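For reference, data.txt (compact mmCIF, C-alpha atoms and all ligand atoms):
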# COMPACT_ATOMS: atom_id res chain seq x y z
CA MET A 156 -23.84 13.03 -17.54
CA ALA A 157 -23.66 11.75 -14.00
CA ILE A 158 -21.29 8.98 -13.02
CA GLN A 159 -23.42 5.95 -12.29
CA ARG A 160 -20.97 3.10 -12.15
CA VAL A 161 -17.54 3.13 -10.55
CA THR A 162 -15.18 0.14 -10.72
CA ILE A 163 -12.17 -0.05 -8.43
CA PHE A 164 -9.55 -2.63 -9.43
CA GLU A 165 -7.49 -4.44 -6.81
CA PHE A 166 -4.70 -6.42 -8.45
CA ALA A 167 -2.99 -7.26 -5.16
CA PRO A 168 -5.33 -9.26 -2.91
CA THR A 169 -3.91 -8.53 0.51
CA ALA A 170 -4.51 -9.36 4.14
CA ASP A 171 -2.96 -6.69 6.37
CA GLU A 172 -2.03 -7.88 9.82
CA ILE A 173 -0.74 -5.74 12.65
CA TRP A 174 1.23 -7.57 15.33
CA ARG A 175 2.63 -6.08 18.50
CA ILE A 176 5.62 -7.42 20.40
CA SER A 177 7.08 -6.41 23.73
CA GLN A 178 10.67 -6.17 24.80
CA HIS A 179 11.49 -9.23 26.84
CA ASP A 180 14.79 -10.61 28.09
CA ARG A 181 14.14 -14.02 26.67
CA ASP A 182 11.33 -14.04 24.15
CA GLY A 183 10.96 -10.50 22.87
CA TYR A 184 12.99 -8.20 20.69
CA ALA A 185 16.29 -7.26 22.22
CA ARG A 186 16.81 -3.65 21.24
CA TYR A 187 15.42 -0.89 19.09
CA ASP A 188 17.58 1.98 18.01
CA ALA A 189 15.19 4.66 16.80
CA GLU A 190 17.94 6.75 15.26
CA SER A 191 19.28 4.06 12.94
CA GLY A 192 15.95 2.22 12.71
CA LEU A 193 17.71 -1.00 13.75
CA LEU A 194 15.65 -3.60 15.50
CA SER A 195 17.43 -6.60 17.06
CA PHE A 196 15.69 -9.87 17.65
CA LEU A 197 16.84 -12.70 19.88
CA ASP A 198 17.57 -15.85 17.96
CA THR A 199 15.85 -19.15 18.59
CA ALA A 200 18.99 -21.05 19.62
CA HIS A 201 18.15 -20.58 23.25
CA ASP A 202 14.44 -21.22 22.68
CA ALA A 203 13.40 -17.61 22.32
CA LYS A 204 10.06 -17.41 20.56
CA GLN A 205 8.44 -14.18 19.54
CA ARG A 206 4.94 -14.07 21.01
CA PRO A 207 3.23 -11.25 19.15
CA GLU A 208 -0.19 -10.05 20.07
CA ILE A 209 -2.34 -9.82 16.94
CA VAL A 210 -3.77 -6.33 17.08
CA THR A 211 -5.89 -6.32 13.95
CA THR A 212 -6.38 -7.95 10.58
CA TYR A 213 -8.12 -6.37 7.62
CA ALA A 214 -8.18 -6.42 3.84
CA GLY A 215 -5.30 -4.37 2.45
CA GLY A 216 -3.96 -3.19 -0.87
CA LYS A 217 -4.01 0.41 -2.08
CA ALA A 218 -7.20 0.08 -4.11
CA THR A 219 -8.94 -1.74 -1.27
CA ASN A 220 -7.94 1.11 1.06
CA VAL A 221 -9.58 3.59 -1.32
CA ALA A 222 -12.71 1.41 -1.52
CA ARG A 223 -12.91 1.05 2.26
CA VAL A 224 -12.73 4.81 2.85
CA LEU A 225 -15.17 5.50 0.04
CA ASP A 226 -17.54 3.00 1.65
CA ARG A 227 -17.43 5.01 4.87
CA LEU A 228 -18.04 8.30 3.06
CA LEU A 229 -20.98 7.33 0.87
CA VAL A 230 -24.27 8.14 2.54
CA ASP A 231 -27.41 6.08 1.98
CA GLU A 232 -28.91 8.35 -0.60
CA ASP A 233 -25.73 8.27 -2.68
CA LYS A 234 -26.66 6.35 -5.75
CA PRO A 235 -23.67 5.30 -7.80
CA CYS A 236 -22.97 1.62 -7.98
CA VAL A 237 -19.40 1.21 -6.75
CA GLU A 238 -17.66 -2.14 -7.13
CA LEU A 239 -14.32 -3.26 -5.78
CA VAL A 240 -13.12 -5.95 -8.18
CA THR A 241 -10.30 -8.19 -6.95
CA PHE A 242 -8.51 -10.82 -9.03
CA PHE A 243 -7.89 -14.16 -7.31
CA PRO A 244 -6.07 -17.40 -8.08
CA PRO A 245 -8.15 -20.54 -8.66
CA PRO A 246 -8.25 -23.22 -5.93
CA PRO A 247 -5.41 -25.75 -6.01
CA ARG A 248 -6.25 -29.32 -6.97
CA GLY A 249 -7.96 -31.15 -4.13
CA PRO A 250 -10.71 -30.46 -1.63
CA LEU A 251 -10.66 -26.67 -1.96
CA GLN A 252 -12.04 -27.14 -5.48
CA GLU A 253 -15.04 -28.88 -4.00
CA LEU A 254 -15.95 -26.17 -1.53
CA GLU A 255 -19.38 -24.81 -2.21
CA PHE A 256 -19.96 -21.17 -1.51
CA GLY A 257 -23.20 -19.32 -1.25
CA ASP A 258 -23.84 -15.61 -1.36
CA VAL A 259 -23.13 -13.31 1.53
CA ARG A 260 -25.60 -10.41 1.34
CA GLY A 261 -25.90 -11.01 -2.37
CA ILE A 262 -22.14 -11.20 -2.95
CA PRO A 263 -20.98 -14.57 -4.28
CA LEU A 264 -17.77 -15.86 -2.69
CA ARG A 265 -15.52 -17.78 -5.08
CA PRO A 266 -13.45 -20.92 -4.54
CA SER A 267 -9.78 -19.90 -4.47
CA THR A 268 -6.64 -20.73 -2.49
CA ALA A 269 -6.96 -20.60 1.30
CA ALA A 270 -5.33 -17.17 1.24
CA GLY A 271 -7.68 -16.07 -1.54
CA ILE A 272 -10.72 -17.09 0.50
CA TYR A 273 -9.30 -15.34 3.57
CA VAL A 274 -8.93 -12.05 1.65
CA GLN A 275 -12.48 -12.33 0.25
CA CYS A 276 -13.82 -12.71 3.80
CA LEU A 277 -11.80 -9.73 5.02
CA GLN A 278 -13.06 -7.59 2.15
CA ILE A 279 -16.75 -8.29 2.64
CA ALA A 280 -16.42 -7.75 6.39
CA GLU A 281 -15.72 -4.05 5.89
CA LEU A 282 -17.79 -3.05 2.90
CA ARG A 283 -21.44 -2.00 3.07
CA LYS A 284 -22.13 0.35 0.18
CA VAL A 285 -19.24 -0.59 -2.04
CA ARG A 286 -19.89 -4.03 -3.51
CA ALA A 287 -17.07 -6.55 -3.47
CA ARG A 288 -16.72 -8.63 -6.62
CA PHE A 289 -14.34 -11.55 -6.84
CA GLU A 290 -12.91 -12.60 -10.18
CA VAL A 291 -11.06 -15.91 -10.31
CA VAL A 292 -8.58 -16.01 -13.19
CA ASN A 293 -7.29 -19.50 -13.99
CA GLU A 294 -3.95 -18.20 -15.26
CA LEU A 295 -3.25 -16.89 -11.74
CA GLU A 296 -2.71 -20.47 -10.58
CA GLU A 297 0.23 -20.30 -8.19
CA SER A 298 3.25 -22.12 -9.57
CA GLY A 299 6.95 -21.40 -9.86
CA LYS A 300 7.68 -17.86 -8.72
CA MET A 301 4.07 -16.73 -8.81
CA GLN A 302 2.69 -15.02 -5.72
CA THR A 303 -0.85 -13.94 -6.35
CA THR A 304 -2.08 -13.03 -2.87
CA ARG A 305 -0.15 -11.65 0.05
CA ARG A 306 -0.16 -11.00 3.76
CA CYS A 307 1.44 -7.73 4.80
CA ILE A 308 2.61 -7.83 8.38
CA GLU A 309 3.42 -4.76 10.41
CA ILE A 310 5.19 -5.51 13.66
CA THR A 311 4.83 -2.69 16.12
CA LEU A 312 6.87 -2.36 19.27
CA ARG A 313 4.98 -1.83 22.47
CA GLU A 314 7.74 0.15 24.17
CA GLY A 315 9.84 1.51 21.33
CA GLY A 316 7.13 3.15 19.28
CA GLY A 317 8.75 1.91 16.05
CA SER A 318 7.55 -0.67 13.61
CA LEU A 319 8.78 -3.15 11.05
CA ASN A 320 6.85 -3.82 7.88
CA PHE A 321 6.83 -6.95 5.71
CA SER A 322 5.15 -6.38 2.42
CA PRO A 323 5.62 -9.16 -0.13
CA ARG A 324 5.28 -8.28 -3.78
CA ILE A 325 2.66 -9.78 -6.02
CA VAL A 326 4.47 -11.71 -8.75
CA TRP A 327 2.65 -12.87 -11.87
CA SER A 328 3.64 -14.64 -15.07
CA GLN A 329 3.28 -13.03 -18.51
CA ARG A 330 0.31 -15.30 -19.18
CA ALA A 331 -1.37 -14.30 -15.95
CA ALA A 332 -0.83 -10.60 -16.66
CA ASP A 333 -2.36 -10.89 -20.14
CA ALA A 334 -5.35 -12.79 -18.74
CA VAL A 335 -5.98 -10.36 -15.87
CA LYS A 336 -5.76 -7.38 -18.20
CA SER A 337 -8.34 -8.88 -20.59
CA ARG A 338 -10.64 -9.76 -17.70
CA ALA A 339 -10.31 -6.27 -16.23
CA VAL A 340 -11.26 -4.62 -19.51
CA GLU A 341 -14.22 -7.00 -19.85
CA VAL A 342 -15.41 -6.30 -16.29
CA ALA A 343 -15.20 -2.55 -16.88
CA CYS A 344 -17.75 -2.61 -19.73
CA GLY A 345 -20.49 -0.13 -18.97
CA THR A 346 -18.48 1.55 -16.18
CA ASP A 347 -18.15 5.34 -16.12
CA LEU A 348 -15.09 5.56 -13.89
CA VAL A 349 -12.29 3.06 -13.24
CA VAL A 350 -10.04 3.52 -10.21
CA MET A 351 -6.53 2.01 -9.92
CA ALA A 352 -3.99 2.53 -7.15
CA GLY A 353 -0.56 1.35 -6.06
CA ALA A 354 2.22 -0.26 -8.05
CA PRO A 355 1.05 -3.00 -10.42
CA PRO A 356 2.23 -6.60 -9.87
CA MET A 357 5.59 -7.60 -11.34
CA TRP A 358 6.53 -10.31 -13.77
CA GLU A 359 9.42 -11.25 -15.97
CA ALA A 360 8.19 -9.93 -19.29
CA ASP A 361 8.88 -11.93 -22.42
CA PRO A 362 11.45 -9.96 -24.46
CA ARG A 363 8.91 -9.08 -27.13
CA ALA A 364 5.94 -8.77 -24.81
CA TYR A 365 3.40 -6.11 -25.60
CA LEU A 366 2.33 -5.97 -21.96
CA THR A 367 4.87 -5.25 -19.23
CA SER A 368 4.53 -4.33 -15.60
CA ARG A 369 5.53 -0.80 -16.58
CA ASN A 370 2.77 -0.27 -19.15
CA PHE A 371 0.13 -2.46 -17.46
CA TYR A 372 -2.05 0.46 -16.31
CA ALA A 373 -1.52 2.41 -19.54
CA LYS A 374 -2.65 -0.54 -21.64
CA ILE A 375 -5.74 -1.10 -19.54
CA ILE A 376 -6.67 2.57 -19.93
CA GLU A 377 -6.18 2.39 -23.68
CA ASP A 378 -8.52 -0.60 -23.97
CA LEU A 379 -11.37 0.77 -21.88
CA GLU A 380 -14.50 2.00 -23.63
CA PRO A 381 -14.09 5.54 -24.98
CA GLY A 382 -16.42 7.16 -22.44
CA CYS A 383 -14.85 5.47 -19.43
CA GLN A 384 -12.72 7.77 -17.29
CA VAL A 385 -9.86 6.71 -15.01
CA SER A 386 -8.60 7.93 -11.69
CA ILE A 387 -5.15 6.62 -10.80
CA ASP A 388 -2.72 6.85 -7.91
CA THR A 389 0.60 5.32 -8.83
CA ARG A 390 4.21 6.31 -9.23
CA GLY A 391 7.22 6.59 -11.49
CA ARG A 392 7.23 4.75 -14.80
CA TYR A 393 3.77 3.29 -14.23
CA LEU A 394 2.35 6.78 -14.11
CA HIS A 395 4.58 8.23 -16.80
CA GLU A 396 3.43 5.55 -19.27
CA CYS A 397 -0.18 6.52 -18.59
CA LEU A 398 0.50 10.20 -19.19
CA ILE A 399 2.21 9.70 -22.56
CA ALA A 400 -0.32 7.16 -23.87
CA GLN A 401 -3.03 7.78 -26.48
CA LYS A 402 -5.76 7.68 -23.87
CA THR A 403 -4.85 9.24 -20.55
CA PRO A 404 -6.33 9.20 -17.04
CA ARG A 405 -8.86 11.84 -16.08
CA PHE A 406 -7.22 12.19 -12.63
CA ALA A 407 -3.70 11.29 -11.51
CA PHE A 408 -2.85 11.43 -7.80
CA MET A 409 0.65 11.32 -6.34
CA ASN A 410 2.55 12.64 -3.34
CA THR A 411 5.16 15.34 -3.96
CA GLU A 412 8.01 12.82 -3.81
CA GLU A 413 6.32 10.82 -6.55
CA PHE A 414 5.74 14.08 -8.40
CA SER A 415 9.48 14.90 -8.36
CA GLU A 416 10.18 11.40 -9.62
CA LEU A 417 7.76 11.98 -12.47
CA MET A 418 9.38 15.31 -13.36
CA LYS A 419 12.78 13.60 -13.61
CA LEU A 420 11.34 11.09 -16.05
CA SER A 421 10.23 13.84 -18.38
CA HIS A 422 12.44 15.17 -21.15
CA GLY A 423 15.54 16.30 -19.30
CA GLY A 424 13.31 17.42 -16.45
CA ASP A 425 13.18 20.98 -17.74
CA THR A 426 10.26 21.04 -20.13
CA CYS A 427 6.84 19.71 -19.20
CA VAL A 428 6.20 16.37 -17.61
CA ALA A 429 5.60 14.29 -20.74
CA ARG A 430 4.12 14.28 -24.22
CA ASN A 431 7.04 15.74 -26.19
CA GLY A 432 6.62 19.25 -24.97
CA GLU A 433 2.88 19.24 -25.52
CA ARG A 434 1.32 20.70 -22.37
CA ALA A 435 -2.40 20.60 -23.09
CA PHE A 436 -3.79 17.62 -21.22
CA PRO A 437 -7.37 16.34 -21.03
CA GLY A 438 -7.22 15.64 -17.30
CA THR A 439 -6.03 16.78 -13.90
CA LEU A 440 -2.83 16.07 -11.97
CA LEU A 441 -2.89 16.32 -8.18
CA ALA A 442 0.27 16.24 -6.04
CA HIS A 443 0.07 16.30 -2.26
CA ASP A 444 2.05 16.23 0.95
CA GLN A 445 1.67 17.45 4.53
CA HIS A 446 1.28 21.02 3.29
CA GLY A 447 -1.70 20.30 1.08
CA CYS A 448 -2.49 19.60 -2.54
CA TRP A 449 -1.35 21.22 -5.82
CA VAL A 450 -3.64 20.90 -8.82
CA TRP A 451 -2.85 21.22 -12.56
CA ASP A 452 -6.03 21.07 -14.56
CA GLY A 453 -6.09 20.79 -18.35
CA GLU A 454 -2.36 21.41 -18.64
CA LEU A 455 0.69 19.44 -17.58
CA PRO A 456 3.13 21.15 -15.20
CA ASP A 457 6.04 23.13 -16.54
CA GLY A 458 9.16 21.26 -15.40
CA ARG A 459 11.11 24.46 -14.73
CA ASP A 460 8.77 25.95 -12.17
CA PRO A 461 5.84 23.56 -11.72
CA PHE A 462 4.35 24.72 -8.44
CA SER A 463 4.00 28.37 -9.37
CA GLU A 464 1.20 27.66 -11.83
CA ALA A 465 -0.67 25.08 -9.78
CA GLU A 466 -3.68 25.90 -7.68
CA HIS A 467 -2.82 25.14 -4.06
CA PHE A 468 -5.21 23.80 -1.43
CA PRO A 469 -3.57 23.95 2.00
CA SER A 470 -3.93 20.96 4.29
CA ILE A 471 -6.43 21.41 7.06
CA PRO A 472 -4.83 21.96 10.47
CA VAL A 473 -5.48 19.30 13.09
CA ARG A 474 -4.88 19.29 16.81
CA ARG A 475 -3.04 15.99 17.03
CA ILE A 476 -1.67 13.63 14.40
CA TYR A 477 -2.02 9.94 15.24
CA SER A 478 -0.91 8.36 11.98
CA THR A 479 -0.42 9.56 8.44
CA ILE A 480 -0.39 6.02 7.01
CA GLY A 481 -2.97 5.76 4.26
CA ALA A 482 -3.67 9.52 4.28
CA GLY A 483 -3.06 9.64 0.52
CA ASP A 484 -5.47 6.77 -0.11
CA ALA A 485 -8.07 8.43 2.11
CA MET A 486 -7.58 11.63 0.17
CA HIS A 487 -8.10 9.85 -3.15
CA ALA A 488 -11.29 8.25 -1.78
CA GLY A 489 -12.51 11.63 -0.50
CA PHE A 490 -11.94 13.24 -3.84
CA LEU A 491 -13.89 10.50 -5.63
CA LYS A 492 -16.79 10.71 -3.18
CA GLU A 493 -17.27 14.42 -3.75
CA TRP A 494 -16.66 14.22 -7.50
CA VAL A 495 -19.12 11.40 -7.98
CA CYS A 496 -21.77 12.37 -5.39
CA PRO A 497 -21.45 16.03 -4.37
CA THR A 498 -22.51 16.67 -0.78
CA GLN A 499 -26.24 17.15 -0.92
CA ASP A 500 -27.48 20.43 0.46
CA THR A 501 -24.65 22.60 -0.78
CA ARG A 502 -25.15 21.09 -4.22
CA HIS A 503 -28.75 22.17 -4.22
CA LYS A 504 -27.82 25.63 -3.05
CA ALA A 505 -25.21 25.88 -5.76
CA GLN A 506 -27.65 24.73 -8.40
CA ASP A 507 -30.31 27.18 -7.21
CA SER A 508 -27.99 30.15 -7.19
CA ARG A 509 -26.68 29.24 -10.62
CA GLN A 510 -30.17 29.07 -12.03
CA GLU A 511 -30.93 32.46 -10.52
CA GLN A 512 -27.86 34.11 -11.95
CA LYS A 513 -27.64 32.58 -15.41
CA PRO A 514 -29.37 34.33 -18.25
CA PRO A 515 -31.77 32.17 -20.26
CA GLY A 516 -30.07 29.87 -22.73
CA LEU A 517 -26.90 29.59 -20.68
CA GLU A 518 -28.18 26.99 -18.23
CA SER A 519 -25.92 24.29 -19.53
CA ILE A 520 -22.35 25.32 -19.06
CA PRO A 521 -20.08 24.18 -21.87
CA CYS A 522 -17.65 21.54 -20.70
CA SER A 523 -14.13 21.20 -21.98
CA LYS A 524 -14.11 17.59 -20.77
CA PRO A 525 -16.77 14.91 -21.03
CA TYR A 526 -18.90 13.77 -18.11
CA ALA A 527 -19.44 16.61 -15.72
CA PRO A 528 -20.26 14.91 -12.42
CA CYS A 529 -23.00 17.36 -11.52
CA SER A 530 -24.59 20.44 -12.99
CA MET A 531 -22.12 22.86 -11.41
CA PRO A 532 -19.28 24.34 -13.46
CA LEU A 533 -16.49 21.79 -13.72
CA GLU A 534 -13.95 24.04 -12.03
CA GLN A 535 -16.22 24.33 -9.02
CA CYS A 536 -16.82 20.57 -8.89
CA LEU A 537 -13.08 20.05 -8.99
CA ARG A 538 -12.32 22.57 -6.25
CA ARG A 539 -15.02 21.16 -4.01
CA ALA A 540 -13.69 17.64 -4.50
CA VAL A 541 -10.12 18.72 -3.70
CA PHE A 542 -11.26 20.59 -0.59
CA TYR A 543 -13.34 17.60 0.48
CA SER A 544 -10.32 15.31 -0.05
CA GLN A 545 -8.26 17.52 2.28
CA VAL A 546 -11.01 17.28 4.91
CA VAL A 547 -10.98 13.48 4.66
CA ALA A 548 -7.18 13.40 4.96
CA ALA A 549 -7.36 15.63 8.06
CA VAL A 550 -9.98 13.36 9.66
CA ALA A 551 -7.84 10.30 8.83
CA ILE A 552 -4.61 11.58 10.36
CA SER A 553 -6.26 12.99 13.50
CA ASN A 554 -8.12 9.78 14.27
CA GLU A 555 -6.92 7.14 16.72
CA LYS A 556 -8.13 4.47 14.31
CA ALA A 557 -6.56 6.28 11.34
CA THR A 558 -8.47 5.63 8.08
CA HIS A 559 -10.60 3.03 9.88
CA GLY A 560 -12.09 5.77 12.04
CA ILE A 561 -13.29 8.05 9.21
CA ASP A 562 -17.03 8.70 9.30
CA SER A 563 -19.16 10.59 6.85
CA ARG A 564 -20.85 12.82 9.44
CA THR A 565 -17.61 14.25 10.80
CA VAL A 566 -16.33 14.78 7.27
CA GLU A 567 -19.52 16.46 6.05
CA CYS A 568 -19.67 18.67 9.07
CA LYS A 569 -16.08 19.86 8.60
CA PHE A 570 -16.65 20.24 4.87
CA ARG A 571 -19.71 22.46 5.36
CA GLN A 572 -17.91 24.54 7.98
CA GLY A 573 -14.91 25.12 5.75
CA TRP A 574 -16.19 25.20 2.18
CA GLY A 575 -16.54 28.67 0.72
CA LYS A 576 -14.70 30.34 3.60
N1 LIG A 601 1.89 15.65 8.69
C1 LIG A 601 0.76 16.08 8.13
N2 LIG A 601 0.16 17.23 8.53
C2 LIG A 601 -0.98 17.67 7.97
N3 LIG A 601 -1.63 17.02 6.97
C3 LIG A 601 -1.09 15.90 6.52
C4 LIG A 601 0.13 15.34 7.08
N4 LIG A 601 0.39 14.20 6.42
C5 LIG A 601 -0.60 14.03 5.51
N5 LIG A 601 -1.48 15.05 5.57
C6 LIG A 601 -2.70 15.20 4.74
O1 LIG A 601 -2.90 14.01 3.99
C7 LIG A 601 -2.80 14.26 2.59
C8 LIG A 601 -2.12 13.08 1.92
O2 LIG A 601 -0.93 12.80 2.60
P1 LIG A 601 0.43 12.33 1.90
O3 LIG A 601 0.77 13.28 0.81
O4 LIG A 601 1.41 12.10 2.98
O5 LIG A 601 -0.05 10.94 1.27
P2 LIG A 601 0.78 9.69 0.70
O6 LIG A 601 2.24 9.94 0.84
O7 LIG A 601 0.23 9.40 -0.65
O8 LIG A 601 0.29 8.56 1.73
P3 LIG A 601 -0.14 7.03 1.48
O9 LIG A 601 0.37 6.63 0.13
O10 LIG A 601 0.53 6.32 2.63
O11 LIG A 601 -1.61 6.95 1.60
C9 LIG A 601 -2.08 15.60 2.48
O12 LIG A 601 -2.48 16.33 1.32
C10 LIG A 601 -2.55 16.31 3.74
O13 LIG A 601 -3.84 16.84 3.55
MG MG A 602 0.11 7.63 -1.77

Full structure transcribed into structure tokens:
Amino acid sequence: MAIQRVTIFEFAPTADEIWRISQHDRDGYARYDAESGLLSFLDTAHDAKQRPEIVTTYAGGKATNVARVLDRLLVDEDKPCVELVTFFPPPPRGPLQELEFGDVRGIPLRPSTAAGIYVQCLQIAELRKVRARFEVVNELEESGKMQTTRRCIEITLREGGGSLNFSPRIVWSQRAADAVKSRAVEVACGTDLVVMAGAPPMWEADPRAYLTSRNFYAKIIEDLEPGCQVSIDTRGRYLHECLIAQKTPRFAFMNTEEFSELMKLSHGGDTCVARNGERAFPGTLLAHDQHGCWVWDGELPDGRDPFSEAEHFPSIPVRRIYSTIGAGDAMHAGFLKEWVCPTQDTRHKAQDSRQEQKPPGLESIPCSKPYAPCSMPLEQCLRRAVFYSQVVAAVAISNEKATHGIDSRTVECKFRQGWGK
């Protein structure tokens, strides 16, 4: 059965801002020591004021990054309905409650806090094929320690080449977490694939709470409809909880550092990753770094020598690397694009050749897992998607505009050149 509806959850509504400052005797930063990473600022006692240039502002958050890249990769004839669902606080008492919003290209904006409205505007500005959907959850009302939207500011140095990143955490209450989880499960009804990425928000869990930050993703997965698959990119305990739960993700992405962390969380680190020594697993783990991607399909890695049994897909060489920030998110998006909508002409070729070769009665290949994305053998679909994801990562890192410069033509061209070689 083809995947028709994809829902990407963003639990951290974020505005990313990149500022640039110059070294200046009076107003700028005073010194940058690249070796220690120490940046010294002048204080304001003698009237020094930082005067950053605002380089760019866009909607951030790990899931939003995945949605943005996926939006660039989907071509017009790609049919799945992909939604990016973001959870916002309600407007505070006062005039913001009276604001009336219309639709923008059929997408209803929702009254929220000023920051919430800002993030909604940033999200719709960059999405064409992925549909933004804004869910206001009353329990997210900002009070006490709650921080339900954020602005992440990256200060880059004109001369030094370094940068300084401010990335506030999203902080919820127990009540807010329970409400968002219920809403998320409700929104996902009828969806074939749910995508989650990044660390979940934090909150001080009630001592006897069923839902904690640690098991937030795992509990969402457990409550989704039985046929709904999940693709997740998260780390440590958040991931581990998902892998030992009753219902597990179909795909789990992580970089190799996160993979090592996961292995340490397993039983003593010397058996398999989780599940009390049980290695059979109804999904696929993918670990990646600058050297490429390692894939364990249908079986969890053996903690003693995990990489020897994985299938390895080397990273694609590039002439110049501009930035590797967001390469993992781009890779996740690339994988999803090819898994959900296989690149057209090669798909047809593959289907044709399969039909030619298969004896009658064997047209439908038995699947060990539900929901084959296309009519190719699952292993082939998986390999194609991993190769495609490596192409997208290569295009992202070798692009002056990083993930913002990814375009489907360049990716498809590189994919067709390289696939099957
Ligand atoms: N230095 C590099 N050289 C070649 N390829 C790279 C390099 N860095 C990243 N890549 C490509 O990007 C993919 C994902 O990168 P990486 O593993 O660094 O992601 P990540 O740590 O999850 O990043 P993020 O979370 O910031 O998006 C790699 O599998 C590889 O294809
Ligand atoms: Mg990552």

Residues of chain A within 8 Å of ligand LIG 601 (chain A): nearest atom pair and distance (Å, one decimal) for each, counting only C-alpha atoms and all ligand atoms, sorted by chain and number, as a Markdown table?
| residue | atom | partner | partner_atom | distance |
| --- | --- | --- | --- | --- |
| A:Lys217 | CA | A:LIG601 | O11 | 7.9 |
| A:Met409 | CA | A:LIG601 | O7 | 6.0 |
| A:Asn410 | CA | A:LIG601 | O3 | 4.6 |
| A:Thr411 | CA | A:LIG601 | O3 | 6.8 |
| A:Glu412 | CA | A:LIG601 | O6 | 8.0 |
| A:Ala442 | CA | A:LIG601 | O3 | 7.5 |
| A:His443 | CA | A:LIG601 | O3 | 4.4 |
| A:Asp444 | CA | A:LIG601 | O3 | 3.2 |
| A:Gln445 | CA | A:LIG601 | C4 | 3.7 |
| A:His446 | CA | A:LIG601 | C10 | 6.1 |
| A:Gly447 | CA | A:LIG601 | O12 | 4.1 |
| A:Cys448 | CA | A:LIG601 | O12 | 5.1 |
| A:Pro469 | CA | A:LIG601 | O13 | 7.3 |
| A:Ser470 | CA | A:LIG601 | O13 | 4.2 |
| A:Ile471 | CA | A:LIG601 | O13 | 6.3 |
| A:Pro472 | CA | A:LIG601 | C2 | 6.3 |
| A:Val473 | CA | A:LIG601 | C2 | 7.0 |
| A:Ile476 | CA | A:LIG601 | N1 | 7.0 |
| A:Thr479 | CA | A:LIG601 | N4 | 5.1 |
| A:Ile480 | CA | A:LIG601 | O10 | 4.5 |
| A:Gly481 | CA | A:LIG601 | O11 | 3.2 |
| A:Ala482 | CA | A:LIG601 | O11 | 4.2 |
| A:Gly483 | CA | A:LIG601 | O11 | 3.2 |
| A:Asp484 | CA | A:LIG601 | O11 | 4.2 |
| A:Ala485 | CA | A:LIG601 | O11 | 6.6 |
| A:Met486 | CA | A:LIG601 | C8 | 5.9 |
| A:Ser544 | CA | A:LIG601 | O13 | 7.6 |
| A:Gln545 | CA | A:LIG601 | O13 | 4.6 |
| A:Val546 | CA | A:LIG601 | O13 | 7.3 |
| A:Val547 | CA | A:LIG601 | O13 | 8.0 |
| A:Ala548 | CA | A:LIG601 | O1 | 4.4 |
| A:Ala549 | CA | A:LIG601 | C6 | 5.7 |
| A:Ala551 | CA | A:LIG601 | O1 | 7.8 |
| A:Ile552 | CA | A:LIG601 | N5 | 6.7 |

ask   = Which residues, written as an MDAnalysis selection string, have at least one atom at most 12 Å from A:Asp198, with all atoms listed in the file counted and residues fewer than 3 positions away on the same chain left out?
value = chainID A and resid 180:185 195 201:205

query = Could you name the residues that touch A:Phe414 at 12 Å or less, counting all atoms listed in the file, but leaving out those on the same chain fewer than 4 positions away, as JSON, numbers by chain?
reply = {"A": [388, 389, 390, 391, 392, 394, 395, 407, 408, 409, 410, 418, 419, 420, 421, 424, 428, 440, 441, 442, 443, 444, 448, 449, 450, 451, 455, 456, 458, 461, 462]}

Residue with smallest distance to ligand MG 602 (chain A) - pool A:Lys569, A:His487, A:Lys300, A:Lys492, counting all atoms listed in the file = A:His487

Produce a table with one row for each residue of stretch 249-290 of chain A that has an atom at most 8 Å from any atom of stretch 227-244 of chain A, each row naming the nearest atom pair and its distance in Å at one decimal; use only C-alpha atoms; arrange rows by chain and rising residue number; format as JSON lines.
{"residue": "A:Ser267", "atom": "CA", "partner": "A:Pro244", "partner_atom": "CA", "distance": 5.7}
{"residue": "A:Thr268", "atom": "CA", "partner": "A:Pro244", "partner_atom": "CA", "distance": 6.5}
{"residue": "A:Gly271", "atom": "CA", "partner": "A:Phe243", "partner_atom": "CA", "distance": 6.1}
{"residue": "A:Lys284", "atom": "CA", "partner": "A:Leu229", "partner_atom": "CA", "distance": 7.1}
{"residue": "A:Val285", "atom": "CA", "partner": "A:Val237", "partner_atom": "CA", "distance": 5.0}
{"residue": "A:Arg286", "atom": "CA", "partner": "A:Glu238", "partner_atom": "CA", "distance": 4.7}
{"residue": "A:Ala287", "atom": "CA", "partner": "A:Leu239", "partner_atom": "CA", "distance": 4.9}
{"residue": "A:Arg288", "atom": "CA", "partner": "A:Val240", "partner_atom": "CA", "distance": 4.8}
{"residue": "A:Phe289", "atom": "CA", "partner": "A:Thr241", "partner_atom": "CA", "distance": 5.3}
{"residue": "A:Glu290", "atom": "CA", "partner": "A:Phe242", "partner_atom": "CA", "distance": 4.9}

query = Mind pulling up the distance from atom CA of A:Ala435 to atom CA of A:Asp452?
reply =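 Straight-line distance from atom CA of A:Asp452 to atom CA of A:Ala435 works out to 9.3 Å.
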
ask   = Leaving out A:Pro404 and any residue of its chain fewer than 3 positions from it, which residues lie within 9 Å of it when counting all atoms listed in the file, given as a list in words?
value = Ala373, Ile376, Gln384, Val385, Ser386, Ile387, Cys397, Leu398, Ala407, Pro437, Gly438 and Thr439 of chain A

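Of the listed residues (A:Val495, A:Val161, A:Val292, A:Ala218), A:Ala218 comes nearest to ligand MG 602 (chain A); the distances count only C-alpha atoms and all ligand atoms.
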